[in-house]
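Source file input_24.cif; content: mmCIF, C-alpha atoms.
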```
data_final
#
loop_
_atom_site.group_PDB
_atom_site.id
_atom_site.type_symbol
_atom_site.label_atom_id
_atom_site.label_comp_id
_atom_site.auth_asym_id
_atom_site.auth_seq_id
_atom_site.Cartn_x
_atom_site.Cartn_y
_atom_site.Cartn_z
ATOM 1 C CA MET K 15 -18.057 22.217 -5.510
ATOM 2 C CA ARG K 16 -17.448 21.305 -9.172
ATOM 3 C CA LEU K 17 -16.522 24.874 -10.109
ATOM 4 C CA SER K 18 -14.151 25.014 -7.172
ATOM 5 C CA LYS K 19 -12.443 21.790 -8.279
ATOM 6 C CA LYS K 20 -12.108 23.072 -11.834
ATOM 7 C CA PHE K 21 -10.622 26.311 -10.545
ATOM 8 C CA VAL K 22 -8.072 24.453 -8.419
ATOM 9 C CA GLU K 23 -7.110 22.194 -11.323
ATOM 10 C CA ALA K 24 -6.705 25.164 -13.649
ATOM 11 C CA PHE K 25 -4.576 26.928 -11.053
ATOM 12 C CA ARG K 26 -2.367 23.873 -10.530
ATOM 13 C CA SER K 27 -2.014 23.345 -14.289
ATOM 14 C CA ASN K 28 -0.132 26.619 -14.675
ATOM 15 C CA PRO K 29 3.469 25.527 -15.502
ATOM 16 C CA VAL K 30 5.043 27.783 -12.867
ATOM 17 C CA ILE K 31 2.557 26.737 -10.183
ATOM 18 C CA TYR K 32 2.864 23.062 -11.094
ATOM 19 C CA SER K 33 6.650 23.237 -10.937
ATOM 20 C CA ALA K 34 6.439 24.872 -7.510
ATOM 21 C CA ILE K 35 4.044 22.162 -6.298
ATOM 22 C CA LEU K 36 6.370 19.402 -7.490
ATOM 23 C CA THR K 37 9.294 21.084 -5.762
ATOM 24 C CA ARG K 38 7.319 21.355 -2.550
ATOM 25 C CA ASP K 39 6.301 17.680 -2.732
ATOM 26 C CA TRP K 40 9.890 16.620 -3.416
ATOM 27 C CA LEU K 41 11.248 18.621 -0.474
ATOM 28 C CA ILE K 42 8.660 17.114 1.879
ATOM 29 C CA TYR K 43 9.506 13.652 0.588
ATOM 30 C CA ARG K 44 13.251 14.084 0.980
ATOM 31 C CA PHE K 45 12.844 15.560 4.461
ATOM 32 C CA PHE K 46 10.726 12.599 5.532
ATOM 33 C CA ARG K 47 12.902 9.948 3.904
ATOM 34 C CA LEU K 48 15.963 11.233 5.793
ATOM 35 C CA MET K 49 14.203 11.115 9.165
ATOM 36 C CA SER K 50 15.338 8.500 11.713
ATOM 37 C CA PRO K 51 17.533 6.315 9.478
ATOM 38 C CA ALA K 52 19.020 4.647 12.555
ATOM 39 C CA ARG K 53 15.562 3.451 13.544
ATOM 40 C CA GLY K 54 15.145 1.803 10.162
ATOM 41 C CA ARG K 55 18.545 0.137 10.299
ATOM 42 C CA ALA K 56 17.919 -1.169 13.824
ATOM 43 C CA PHE K 57 14.556 -2.583 12.729
ATOM 44 C CA ALA K 58 16.221 -4.208 9.714
ATOM 45 C CA ASP K 59 18.677 -5.861 12.098
ATOM 46 C CA GLU K 60 15.763 -7.239 14.129
ATOM 47 C CA LEU K 61 14.077 -8.574 11.001
ATOM 48 C CA ARG K 62 17.325 -10.225 9.957
ATOM 49 C CA LYS K 63 17.262 -12.240 13.177
ATOM 50 C CA THR K 64 13.994 -13.877 12.082
ATOM 51 C CA GLY K 65 15.834 -15.514 9.193
ATOM 52 C CA ALA K 66 13.083 -14.463 6.800
ATOM 53 C CA SER K 67 14.233 -13.596 3.275
ATOM 54 C CA ARG K 68 10.797 -12.859 1.811
ATOM 55 C CA LEU K 69 9.010 -9.862 3.268
ATOM 56 C CA CYS K 70 5.556 -8.340 2.821
ATOM 57 C CA PHE K 71 5.264 -4.792 4.169
ATOM 58 C CA VAL K 72 1.927 -3.231 5.050
ATOM 59 C CA VAL K 73 1.714 0.535 5.513
ATOM 60 C CA ALA K 74 -0.894 1.003 8.257
ATOM 61 C CA PHE K 75 -2.881 4.231 8.365
ATOM 62 C CA ASN K 76 -5.218 5.148 11.239
ATOM 63 C CA THR K 77 -7.405 2.026 10.940
ATOM 64 C CA PRO K 78 -6.714 -0.650 13.585
ATOM 65 C CA TRP K 79 -9.696 -2.820 12.617
ATOM 66 C CA VAL K 80 -8.310 -3.540 9.147
ATOM 67 C CA ILE K 81 -4.909 -4.483 10.593
ATOM 68 C CA ASP K 82 -6.731 -6.782 13.019
ATOM 69 C CA ALA K 83 -8.473 -8.510 10.103
ATOM 70 C CA LEU K 84 -5.413 -8.508 7.827
ATOM 71 C CA THR K 85 -3.084 -10.063 10.408
ATOM 72 C CA LYS K 86 -5.667 -12.745 11.212
ATOM 73 C CA GLY K 87 -6.179 -13.480 7.524
ATOM 74 C CA TRP K 88 -2.428 -13.630 6.972
ATOM 75 C CA GLN K 89 -2.054 -16.143 9.818
ATOM 76 C CA LYS K 90 -4.817 -18.329 8.433
ATOM 77 C CA TYR K 91 -4.200 -18.221 4.696
ATOM 78 C CA ALA K 92 -0.797 -16.843 3.708
ATOM 79 C CA SER K 93 2.494 -18.694 3.432
ATOM 80 C CA GLY K 94 5.987 -18.093 2.172
ATOM 81 C CA MET K 95 6.447 -14.515 3.421
ATOM 82 C CA LEU K 96 6.917 -12.658 6.680
ATOM 83 C CA LEU K 97 4.280 -9.981 7.244
ATOM 84 C CA VAL K 98 5.677 -6.680 8.570
ATOM 85 C CA VAL K 99 3.589 -3.651 9.585
ATOM 86 C CA VAL K 100 5.074 -0.168 9.238
ATOM 87 C CA ASP K 101 2.732 2.352 10.808
ATOM 88 C CA ASN K 102 2.109 5.633 9.006
ATOM 89 C CA SER K 103 -0.848 6.596 11.241
ATOM 90 C CA ARG K 104 -1.273 10.202 12.299
ATOM 91 C CA SER K 105 -3.359 9.218 15.336
ATOM 92 C CA PRO K 106 -1.385 8.194 18.471
ATOM 93 C CA GLU K 107 -4.385 6.136 19.615
ATOM 94 C CA ALA K 108 -4.436 4.249 16.322
ATOM 95 C CA ARG K 109 -0.711 3.576 16.587
ATOM 96 C CA ARG K 110 -1.110 2.116 20.064
ATOM 97 C CA ALA K 111 -3.971 -0.133 18.952
ATOM 98 C CA ILE K 112 -2.162 -1.319 15.815
ATOM 99 C CA GLU K 113 1.005 -2.064 17.777
ATOM 100 C CA MET K 114 -1.075 -4.064 20.271
ATOM 101 C CA VAL K 115 -2.608 -6.136 17.467
ATOM 102 C CA CYS K 116 0.792 -6.831 15.928
ATOM 103 C CA LYS K 117 2.311 -7.820 19.266
ATOM 104 C CA ALA K 118 -0.575 -10.186 20.011
ATOM 105 C CA ARG K 119 -0.204 -11.880 16.614
ATOM 106 C CA GLY K 120 3.596 -11.954 16.513
ATOM 107 C CA VAL K 121 3.840 -9.547 13.572
ATOM 108 C CA PRO K 122 6.930 -7.277 13.456
ATOM 109 C CA TYR K 123 5.843 -3.653 13.926
ATOM 110 C CA LEU K 124 7.563 -0.316 13.415
ATOM 111 C CA GLY K 125 6.054 3.103 13.949
ATOM 112 C CA LEU K 126 7.322 5.323 11.138
ATOM 113 C CA PRO K 127 8.470 8.900 11.842
ATOM 114 C CA ARG K 128 5.617 11.389 11.738
ATOM 115 C CA ASN K 129 4.864 11.962 8.057
ATOM 116 C CA PRO K 130 4.512 15.682 7.222
ATOM 117 C CA GLU K 131 2.595 14.915 4.004
ATOM 118 C CA ARG K 132 -1.185 15.076 4.490
ATOM 119 C CA HIS K 133 -2.376 14.003 1.034
ATOM 120 C CA PRO K 134 -3.251 10.270 1.388
ATOM 121 C CA SER K 135 -1.596 9.063 -1.831
ATOM 122 C CA ARG K 136 1.554 11.134 -1.418
ATOM 123 C CA SER K 137 1.790 10.160 2.253
ATOM 124 C CA HIS K 138 1.501 6.489 1.269
ATOM 125 C CA GLY K 139 4.178 6.776 -1.411
ATOM 126 C CA ASN K 140 6.527 8.575 0.974
ATOM 127 C CA ALA K 141 6.009 5.841 3.577
ATOM 128 C CA MET K 142 6.791 3.134 1.028
ATOM 129 C CA ASN K 143 9.986 4.933 0.012
ATOM 130 C CA TRP K 144 11.045 5.366 3.645
ATOM 131 C CA THR K 145 10.530 1.646 4.132
ATOM 132 C CA TYR K 146 12.485 0.723 1.023
ATOM 133 C CA TYR K 147 15.484 2.989 1.618
ATOM 134 C CA ASN K 148 15.721 2.657 5.399
ATOM 135 C CA ILE K 149 14.811 -1.014 5.879
ATOM 136 C CA VAL K 150 14.776 -3.077 2.676
ATOM 137 C CA ARG K 151 18.108 -1.857 1.298
ATOM 138 C CA HIS K 152 19.826 -2.789 4.551
ATOM 139 C CA LEU K 153 18.286 -6.263 4.535
ATOM 140 C CA LYS K 154 18.794 -7.103 0.828
ATOM 141 C CA PRO K 155 16.098 -9.807 1.010
ATOM 142 C CA GLU K 156 15.330 -12.372 -1.652
ATOM 143 C CA THR K 157 11.954 -10.766 -2.296
ATOM 144 C CA PHE K 158 10.025 -7.846 -0.837
ATOM 145 C CA GLY K 159 6.829 -6.025 -1.557
ATOM 146 C CA PHE K 160 3.826 -4.121 -0.335
ATOM 147 C CA LEU K 161 0.216 -5.060 0.406
ATOM 148 C CA ASP K 162 -2.512 -2.478 1.036
ATOM 149 C CA HIS K 163 -3.605 -2.329 4.664
ATOM 150 C CA ASP K 164 -7.230 -3.056 3.698
ATOM 151 C CA CYS K 165 -6.405 -5.916 1.314
ATOM 152 C CA LEU K 166 -7.428 -8.960 3.375
ATOM 153 C CA PRO K 167 -6.409 -12.566 2.660
ATOM 154 C CA ILE K 168 -9.609 -14.657 2.650
ATOM 155 C CA ALA K 169 -8.348 -17.777 0.841
ATOM 156 C CA PRO K 170 -5.032 -19.678 0.605
ATOM 157 C CA LEU K 171 -2.324 -17.372 -0.696
ATOM 158 C CA ASP K 172 1.333 -18.045 -1.504
ATOM 159 C CA ILE K 173 2.854 -14.939 -3.049
ATOM 160 C CA SER K 174 6.319 -16.479 -3.277
ATOM 161 C CA ALA K 175 4.945 -19.355 -5.344
ATOM 162 C CA ARG K 176 3.156 -16.883 -7.618
ATOM 163 C CA MET K 177 6.478 -15.126 -8.211
ATOM 164 C CA ALA K 178 8.358 -18.266 -9.255
ATOM 165 C CA GLY K 179 10.371 -17.583 -12.404
ATOM 166 C CA LYS K 180 9.305 -13.936 -12.520
ATOM 167 C CA THR K 181 10.956 -10.685 -11.492
ATOM 168 C CA GLY K 182 7.859 -9.531 -9.614
ATOM 169 C CA TYR K 183 4.154 -9.904 -8.955
ATOM 170 C CA GLY K 184 1.234 -7.541 -8.589
ATOM 171 C CA LEU K 185 -1.813 -5.848 -10.040
ATOM 172 C CA LYS K 186 -1.098 -4.041 -13.302
ATOM 173 C CA LEU K 187 -2.633 -0.590 -13.750
ATOM 174 C CA MET K 188 -2.412 1.660 -16.782
ATOM 175 C CA SER K 189 -1.866 5.386 -16.974
ATOM 176 C CA ALA K 190 -5.037 7.471 -16.611
ATOM 177 C CA SER K 191 -5.999 10.978 -17.654
ATOM 178 C CA ASN K 192 -6.050 13.748 -15.082
ATOM 179 C CA TYR K 193 -6.064 17.542 -15.093
ATOM 180 C CA LYS K 194 -2.395 17.574 -16.131
ATOM 181 C CA PHE K 195 -2.216 14.529 -18.385
ATOM 182 C CA THR K 196 -4.415 13.243 -21.204
ATOM 183 C CA ARG K 197 -3.893 9.591 -21.977
ATOM 184 C CA SER K 198 -3.710 8.597 -25.629
ATOM 185 C CA ALA K 199 -4.939 5.220 -26.815
ATOM 186 C CA ASP K 200 -1.369 4.021 -27.377
ATOM 187 C CA ASP K 201 0.216 5.460 -24.220
ATOM 188 C CA PRO K 202 2.622 2.782 -22.893
ATOM 189 C CA GLY K 203 2.535 3.897 -19.268
ATOM 190 C CA TRP K 204 1.789 1.195 -16.711
ATOM 191 C CA PHE K 205 2.815 0.204 -13.189
ATOM 192 C CA LEU K 206 2.074 -2.231 -10.393
ATOM 193 C CA TRP K 207 -0.534 -0.930 -7.966
ATOM 194 C CA ALA K 208 1.053 0.246 -4.709
ATOM 195 C CA GLY K 209 -1.367 -1.995 -2.793
ATOM 196 C CA LEU K 210 -0.109 -5.206 -4.424
ATOM 197 C CA CYS K 211 3.448 -5.109 -5.723
ATOM 198 C CA PHE K 212 6.302 -7.520 -5.054
ATOM 199 C CA PHE K 213 9.825 -7.663 -6.425
ATOM 200 C CA ARG K 214 12.871 -9.901 -6.565
ATOM 201 C CA TYR K 215 15.356 -7.622 -4.825
ATOM 202 C CA ARG K 216 18.500 -8.542 -6.753
ATOM 203 C CA ASP K 217 16.853 -7.532 -10.041
ATOM 204 C CA PHE K 218 16.423 -3.948 -8.846
ATOM 205 C CA GLU K 219 19.289 -3.453 -6.400
ATOM 206 C CA GLY K 220 21.062 -0.182 -7.041
ATOM 207 C CA LEU K 221 18.189 1.373 -8.975
ATOM 208 C CA ALA K 222 16.612 4.592 -7.715
ATOM 209 C CA LEU K 223 13.209 3.114 -6.954
ATOM 210 C CA ASP K 224 10.413 5.557 -6.210
ATOM 211 C CA PHE K 225 6.995 4.426 -5.013
ATOM 212 C CA ARG K 226 5.374 7.846 -5.239
ATOM 213 C CA GLY K 227 2.897 8.735 -7.954
ATOM 214 C CA ASN K 228 3.722 10.497 -11.209
ATOM 215 C CA GLY K 229 0.787 12.736 -12.068
ATOM 216 C CA ALA K 230 2.516 14.220 -15.102
ATOM 217 C CA ARG K 231 2.413 10.732 -16.670
ATOM 218 C CA GLY K 232 -1.026 9.817 -15.304
ATOM 219 C CA LEU K 233 0.423 7.227 -12.906
ATOM 220 C CA ASP K 234 -0.900 6.843 -9.361
ATOM 221 C CA THR K 235 1.038 5.797 -6.234
ATOM 222 C CA GLY K 236 3.860 3.488 -7.326
ATOM 223 C CA GLY K 237 3.945 5.042 -10.787
ATOM 224 C CA SER K 238 7.221 6.912 -10.314
ATOM 225 C CA ASN K 239 8.847 3.518 -10.781
ATOM 226 C CA TRP K 240 8.022 3.928 -14.479
ATOM 227 C CA ASP K 241 11.500 5.216 -15.254
ATOM 228 C CA PRO K 242 13.630 2.750 -13.238
ATOM 229 C CA ILE K 243 11.436 -0.350 -13.725
ATOM 230 C CA TYR K 244 8.419 -0.429 -15.986
ATOM 231 C CA SER K 245 9.758 1.578 -18.916
ATOM 232 C CA ARG K 246 12.581 -0.985 -19.209
ATOM 233 C CA LEU K 247 10.637 -4.217 -18.734
ATOM 234 C CA SER K 248 7.688 -5.878 -20.391
ATOM 235 C CA SER K 249 4.795 -6.762 -18.118
ATOM 236 C CA ASP K 250 5.505 -10.360 -19.198
ATOM 237 C CA CYS K 251 8.420 -10.249 -16.736
ATOM 238 C CA PHE K 252 5.883 -10.001 -13.916
ATOM 239 C CA GLU K 253 3.237 -12.390 -12.667
ATOM 240 C CA LEU K 254 0.045 -10.356 -12.863
ATOM 241 C CA ALA K 255 -2.822 -10.703 -10.433
ATOM 242 C CA SER K 256 -6.340 -11.227 -11.698
ATOM 243 C CA GLU K 257 -9.095 -8.840 -10.681
ATOM 244 C CA GLY K 258 -12.756 -9.600 -10.059
ATOM 245 C CA GLU K 259 -15.795 -8.732 -7.972
ATOM 246 C CA LEU K 260 -16.968 -10.454 -4.798
ATOM 247 C CA PRO K 261 -20.687 -9.991 -4.004
ATOM 248 C CA ILE K 262 -21.470 -9.609 -0.286
ATOM 249 C CA HIS K 263 -24.875 -9.424 1.397
ATOM 250 C CA LEU K 264 -24.936 -7.094 4.411
ATOM 251 C CA GLY K 265 -28.272 -6.787 6.175
ATOM 252 C CA GLN K 266 -30.540 -5.245 3.527
ATOM 253 C CA LEU K 267 -27.613 -4.330 1.288
ATOM 254 C CA ASP K 268 -26.058 -6.191 -1.619
ATOM 255 C CA VAL K 269 -22.591 -4.837 -2.308
ATOM 256 C CA LYS K 270 -19.588 -5.829 -4.388
ATOM 257 C CA TYR K 271 -15.927 -5.612 -3.462
ATOM 258 C CA GLN K 272 -12.749 -6.049 -5.462
ATOM 259 C CA ILE K 273 -11.180 -9.503 -5.162
ATOM 260 C CA LEU K 274 -7.604 -10.128 -6.323
ATOM 261 C CA ASP K 275 -6.440 -13.567 -7.478
ATOM 262 C CA GLY K 276 -9.534 -14.968 -5.810
ATOM 263 C CA ALA K 277 -7.760 -14.661 -2.457
ATOM 264 C CA MET K 278 -7.529 -11.005 -1.375
ATOM 265 C CA LEU K 279 -10.590 -8.950 -0.488
ATOM 266 C CA HIS K 280 -9.866 -5.276 -1.101
ATOM 267 C CA ILE K 281 -12.129 -3.056 0.981
ATOM 268 C CA GLY K 282 -10.773 0.200 -0.441
ATOM 269 C CA LYS K 283 -10.636 3.620 1.230
ATOM 270 C CA ALA K 284 -11.055 2.016 4.644
ATOM 271 C CA SER K 285 -9.398 4.944 6.410
ATOM 272 C CA TYR K 286 -11.185 7.743 4.573
ATOM 273 C CA MET K 287 -14.206 8.443 2.344
ATOM 274 C CA GLY K 288 -15.275 4.824 1.840
ATOM 275 C CA PRO K 289 -18.574 3.349 3.131
ATOM 276 C CA SER K 290 -16.750 1.389 5.846
ATOM 277 C CA THR K 291 -16.009 4.664 7.649
ATOM 278 C CA ALA K 292 -19.698 4.642 8.727
ATOM 279 C CA PRO K 293 -19.930 2.736 12.072
ATOM 280 C CA GLU K 294 -23.055 0.661 11.343
ATOM 281 C CA TYR K 295 -21.893 -0.365 7.872
ATOM 282 C CA ARG K 296 -18.439 -1.198 9.256
ATOM 283 C CA ARG K 297 -19.981 -3.409 11.932
ATOM 284 C CA LEU K 298 -21.990 -5.353 9.335
ATOM 285 C CA LEU K 299 -18.964 -5.716 7.083
ATOM 286 C CA THR K 300 -16.542 -6.861 9.763
ATOM 287 C CA ASP K 301 -19.072 -9.289 11.262
ATOM 288 C CA HIS K 302 -19.478 -10.837 7.818
ATOM 289 C CA ILE K 303 -15.739 -11.076 7.176
ATOM 290 C CA TRP K 304 -14.899 -12.606 10.547
ATOM 291 C CA SER K 305 -17.810 -15.056 10.489
ATOM 292 C CA ARG K 306 -17.329 -16.228 6.913
ATOM 293 C CA TYR K 307 -13.541 -16.218 6.529
ATOM 294 C CA PHE K 308 -11.894 -16.136 9.957
ATOM 295 C CA ASP K 309 -13.809 -18.828 11.903
ATOM 296 C CA GLY K 310 -15.889 -16.358 13.895
ATOM 297 C CA PRO K 311 -15.127 -13.268 15.958
ATOM 298 C CA SER K 312 -13.584 -14.976 18.991
ATOM 299 C CA GLU K 313 -10.054 -13.892 18.042
ATOM 300 C CA ARG K 314 -11.014 -10.376 17.025
ATOM 301 C CA LEU K 315 -8.910 -7.894 18.977
ATOM 302 C CA ILE K 316 -10.490 -4.618 17.868
ATOM 303 C CA GLU K 317 -14.190 -3.939 18.382
ATOM 304 C CA VAL K 318 -15.874 -1.742 15.775
#
```

Go through the file and emit its structure as structure tokens.
Amino acid sequence: MRLSKKFVEAFRSNPVIYSAILTRDWLIYRFFRLMSPARGRAFADELRKTGASRLCFVVAFNTPWVIDALTKGWQKYASGMLLVVVDNSRSPEARRAIEMVCKARGVPYLGLPRNPERHPSRSHGNAMNWTYYNIVRHLKPETFGFLDHDCLPIAPLDISARMAGKTGYGLKLMSASNYKFTRSADDPGWFLWAGLCFFRYRDFEGLALDFRGNGARGLDTGGSNWDPIYSRLSSDCFELASEGELPIHLGQLDVKYQILDGAMLHIGKASYMGPSTAPEYRRLLTDHIWSRYFDGPSERLIEV
């Protein structure tokens, strides 16, 4: 397995191969971004009717139970922003379940066009760009941003208040070494994590925003905004979220999860690879979350 990974990385590092890969990724992205623009504009018109000028978009992906928990947590704890779910799921069954949850909780929902990109990070970045160019730019809201689908509000949260006097808000991440990029100690590269990033729209209107990753600079999803945003601005212009660990006892297990600003429980990799993809572990985790933070499971819409 390790030799295979090293072989793939060496193959992709070849300048000609890497250039071809980037071209392929760009063509897939552009094809997807240009799909169904009328659907995005029509949805923007519907959002405009709500009168909301501060919008939080969640890119859903194949995992109805996290959307169930997130929408409940948003109802209970969040204020100052309208939650909007844009569904990037590949599974038709997941899309139907997520739409049902959103309808039951009064959350605006839009099923995105089928995303041809299969890599999770690239698919996520493409979905964020589709949302920005086909919805947000038509609305021109006061503020907009993105929250990861498995980032659950578990305590009072007012993102708009956190943004007061700042051009944006989110979790700051630094560049990181990969097979194509070696980070130096003084590398300036940074970005707001794609799972928690919010912006004052007027400050960035007209810029060519790009929420995809930038592997050549060691920047994950959201990092392609280095050129239009982060290379021009100090991180002091942004309100930065704090990051900590939340210990949780599940049956015989003691685990720790990421907690952001003391209010958002980040499960991480809920739709792939993570421990919550195992049914028994997921049941223990969701029972704990609903019982401790959401007043019990009586309003749970998705059984796990």

- prompt: Near segment 304-310 of chain K, counting all atoms listed in the file, which residues have an atom at most 8 Å away, once you skip same-chain residues fewer than 4 positions from it, shown as a VMD selection string?
  reply: chain K and resid 83 86 to 87 90 168 to 169 300 314

message: Suppose a student applies the PyMOL selection byres ((chain K and resi 260) around 9) to this structure; what residues should they get, written as an MDAnalysis selection string?
response: chainID K and resid 258:259 261:262 269:273 276 279

Mind writing the picked residues with C-alpha atoms as a PDB file, in the coordinates of the input?
```
ATOM      1  CA  GLY K 258     -12.756  -9.600 -10.059  1.00  0.00           C
ATOM      2  CA  GLU K 259     -15.795  -8.732  -7.972  1.00  0.00           C
ATOM      3  CA  PRO K 261     -20.687  -9.991  -4.004  1.00  0.00           C
ATOM      4  CA  ILE K 262     -21.470  -9.609  -0.286  1.00  0.00           C
ATOM      5  CA  VAL K 269     -22.591  -4.837  -2.308  1.00  0.00           C
ATOM      6  CA  LYS K 270     -19.588  -5.829  -4.388  1.00  0.00           C
ATOM      7  CA  TYR K 271     -15.927  -5.612  -3.462  1.00  0.00           C
ATOM      8  CA  GLN K 272     -12.749  -6.049  -5.462  1.00  0.00           C
ATOM      9  CA  ILE K 273     -11.180  -9.503  -5.162  1.00  0.00           C
ATOM     10  CA  GLY K 276      -9.534 -14.968  -5.810  1.00  0.00           C
ATOM     11  CA  LEU K 279     -10.590  -8.950  -0.488  1.00  0.00           C
TER      12      LEU K 279
END
```

statement: Counting only C-alpha atoms, closest pick from K:Lys117, K:His263, K:His280, K:Arg132 relative to Asp301 of chain K is K:His263

Distance query Ser198 of chain K at most 12 Å, all atoms listed in the file, self and fewer than 5 positions along chain excluded, as a count of residues only: 8

message: Quick one: residues within 10 Å of segment 95-99 of chain K, only C-alpha atoms, excluding same-chain residues fewer than 4 positions away - as a PyMOL selection string?
response: chain K and resi 61+64-74+81+84-85+88-89+112-113+116+120-126+157-161+163+172-174

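Picked out by the PyMOL selection byres ((chain K and resi 29-42) around 9) when it runs on this file: Phe25, Arg26, Ser27, Asn28, Tyr43, Arg44, Phe45, Phe46, Arg47, Asn129, Pro130, Glu131, Arg136 and Asn140 of chain K.
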
Dump as a tab-separated table (two decimals), in the coordinates of the input, selection limited to C-alpha atoms:
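Output file selection-v4.tsv is given in full below:
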```tsv
chain	number	residue	atom	x	y	z
K	25	PHE	CA	-4.58	26.93	-11.05
K	26	ARG	CA	-2.37	23.87	-10.53
K	27	SER	CA	-2.01	23.34	-14.29
K	28	ASN	CA	-0.13	26.62	-14.68
K	43	TYR	CA	9.51	13.65	0.59
K	44	ARG	CA	13.25	14.08	0.98
K	45	PHE	CA	12.84	15.56	4.46
K	46	PHE	CA	10.73	12.60	5.53
K	47	ARG	CA	12.90	9.95	3.90
K	129	ASN	CA	4.86	11.96	8.06
K	130	PRO	CA	4.51	15.68	7.22
K	131	GLU	CA	2.60	14.92	4.00
K	136	ARG	CA	1.55	11.13	-1.42
K	140	ASN	CA	6.53	8.57	0.97
```

- request: Dig up all the protein and nucleic acid residues within 12 Å of (-10.7, 1.7, -2.9) in the file frame, using all atoms listed in the file, and format them as a PyMOL selection string.
  value: chain K and resi 135+162-165+207-209+270-273+279-290

Store the residues picked out above in a file with C-alpha atoms, as an mmCIF file, in the frame of the given file.
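Contents of the output file part_12.cif:
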```cif
data_model
loop_
_atom_site.group_PDB
_atom_site.id
_atom_site.type_symbol
_atom_site.label_atom_id
_atom_site.label_comp_id
_atom_site.auth_asym_id
_atom_site.auth_seq_id
_atom_site.Cartn_x
_atom_site.Cartn_y
_atom_site.Cartn_z
ATOM 1 C CA SER K 135 -1.596 9.063 -1.831
ATOM 2 C CA ASP K 162 -2.512 -2.478 1.036
ATOM 3 C CA HIS K 163 -3.605 -2.329 4.664
ATOM 4 C CA ASP K 164 -7.230 -3.056 3.698
ATOM 5 C CA CYS K 165 -6.405 -5.916 1.314
ATOM 6 C CA TRP K 207 -0.534 -0.930 -7.966
ATOM 7 C CA ALA K 208 1.053 0.246 -4.709
ATOM 8 C CA GLY K 209 -1.367 -1.995 -2.793
ATOM 9 C CA LYS K 270 -19.588 -5.829 -4.388
ATOM 10 C CA TYR K 271 -15.927 -5.612 -3.462
ATOM 11 C CA GLN K 272 -12.749 -6.049 -5.462
ATOM 12 C CA ILE K 273 -11.180 -9.503 -5.162
ATOM 13 C CA LEU K 279 -10.590 -8.950 -0.488
ATOM 14 C CA HIS K 280 -9.866 -5.276 -1.101
ATOM 15 C CA ILE K 281 -12.129 -3.056 0.981
ATOM 16 C CA GLY K 282 -10.773 0.200 -0.441
ATOM 17 C CA LYS K 283 -10.636 3.620 1.230
ATOM 18 C CA ALA K 284 -11.055 2.016 4.644
ATOM 19 C CA SER K 285 -9.398 4.944 6.410
ATOM 20 C CA TYR K 286 -11.185 7.743 4.573
ATOM 21 C CA MET K 287 -14.206 8.443 2.344
ATOM 22 C CA GLY K 288 -15.275 4.824 1.840
ATOM 23 C CA PRO K 289 -18.574 3.349 3.131
ATOM 24 C CA SER K 290 -16.750 1.389 5.846
#
```

Would you fill out segment 129-140 of chain K with N, CA and C atoms and return it as a PDB file, in the coordinates of the input?
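Output contents, as saved in result.pdb:
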```
ATOM      1  N   ASN K 129       4.817  11.591   9.469  1.00  0.00           N
ATOM      2  CA  ASN K 129       4.864  11.962   8.057  1.00  0.00           C
ATOM      3  C   ASN K 129       4.277  13.361   7.882  1.00  0.00           C
ATOM      4  N   PRO K 130       5.039  14.323   7.377  1.00  0.00           N
ATOM      5  CA  PRO K 130       4.512  15.682   7.222  1.00  0.00           C
ATOM      6  C   PRO K 130       3.546  15.833   6.050  1.00  0.00           C
ATOM      7  N   GLU K 131       3.480  14.842   5.166  1.00  0.00           N
ATOM      8  CA  GLU K 131       2.595  14.915   4.004  1.00  0.00           C
ATOM      9  C   GLU K 131       1.176  14.501   4.407  1.00  0.00           C
ATOM     10  N   ARG K 132       0.192  15.345   4.105  1.00  0.00           N
ATOM     11  CA  ARG K 132      -1.185  15.076   4.490  1.00  0.00           C
ATOM     12  C   ARG K 132      -2.017  14.434   3.371  1.00  0.00           C
ATOM     13  N   HIS K 133      -1.625  14.607   2.127  1.00  0.00           N
ATOM     14  CA  HIS K 133      -2.376  14.003   1.034  1.00  0.00           C
ATOM     15  C   HIS K 133      -2.225  12.483   1.117  1.00  0.00           C
ATOM     16  N   PRO K 134      -3.344  11.722   1.143  1.00  0.00           N
ATOM     17  CA  PRO K 134      -3.251  10.270   1.388  1.00  0.00           C
ATOM     18  C   PRO K 134      -2.322   9.532   0.434  1.00  0.00           C
ATOM     19  N   SER K 135      -2.427   9.795  -0.867  1.00  0.00           N
ATOM     20  CA  SER K 135      -1.596   9.063  -1.831  1.00  0.00           C
ATOM     21  C   SER K 135      -0.121   9.427  -1.700  1.00  0.00           C
ATOM     22  N   ARG K 136       0.153  10.725  -1.557  1.00  0.00           N
ATOM     23  CA  ARG K 136       1.554  11.134  -1.418  1.00  0.00           C
ATOM     24  C   ARG K 136       2.133  10.639  -0.098  1.00  0.00           C
ATOM     25  N   SER K 137       1.336  10.677   0.967  1.00  0.00           N
ATOM     26  CA  SER K 137       1.790  10.160   2.253  1.00  0.00           C
ATOM     27  C   SER K 137       2.133   8.677   2.148  1.00  0.00           C
ATOM     28  N   HIS K 138       1.275   7.920   1.446  1.00  0.00           N
ATOM     29  CA  HIS K 138       1.501   6.489   1.269  1.00  0.00           C
ATOM     30  C   HIS K 138       2.792   6.228   0.488  1.00  0.00           C
ATOM     31  N   GLY K 139       2.966   6.951  -0.618  1.00  0.00           N
ATOM     32  CA  GLY K 139       4.178   6.776  -1.411  1.00  0.00           C
ATOM     33  C   GLY K 139       5.431   7.127  -0.632  1.00  0.00           C
ATOM     34  N   ASN K 140       5.376   8.195   0.146  1.00  0.00           N
ATOM     35  CA  ASN K 140       6.527   8.575   0.974  1.00  0.00           C
ATOM     36  C   ASN K 140       6.851   7.494   1.995  1.00  0.00           C
TER      37      ASN K 140
END
```
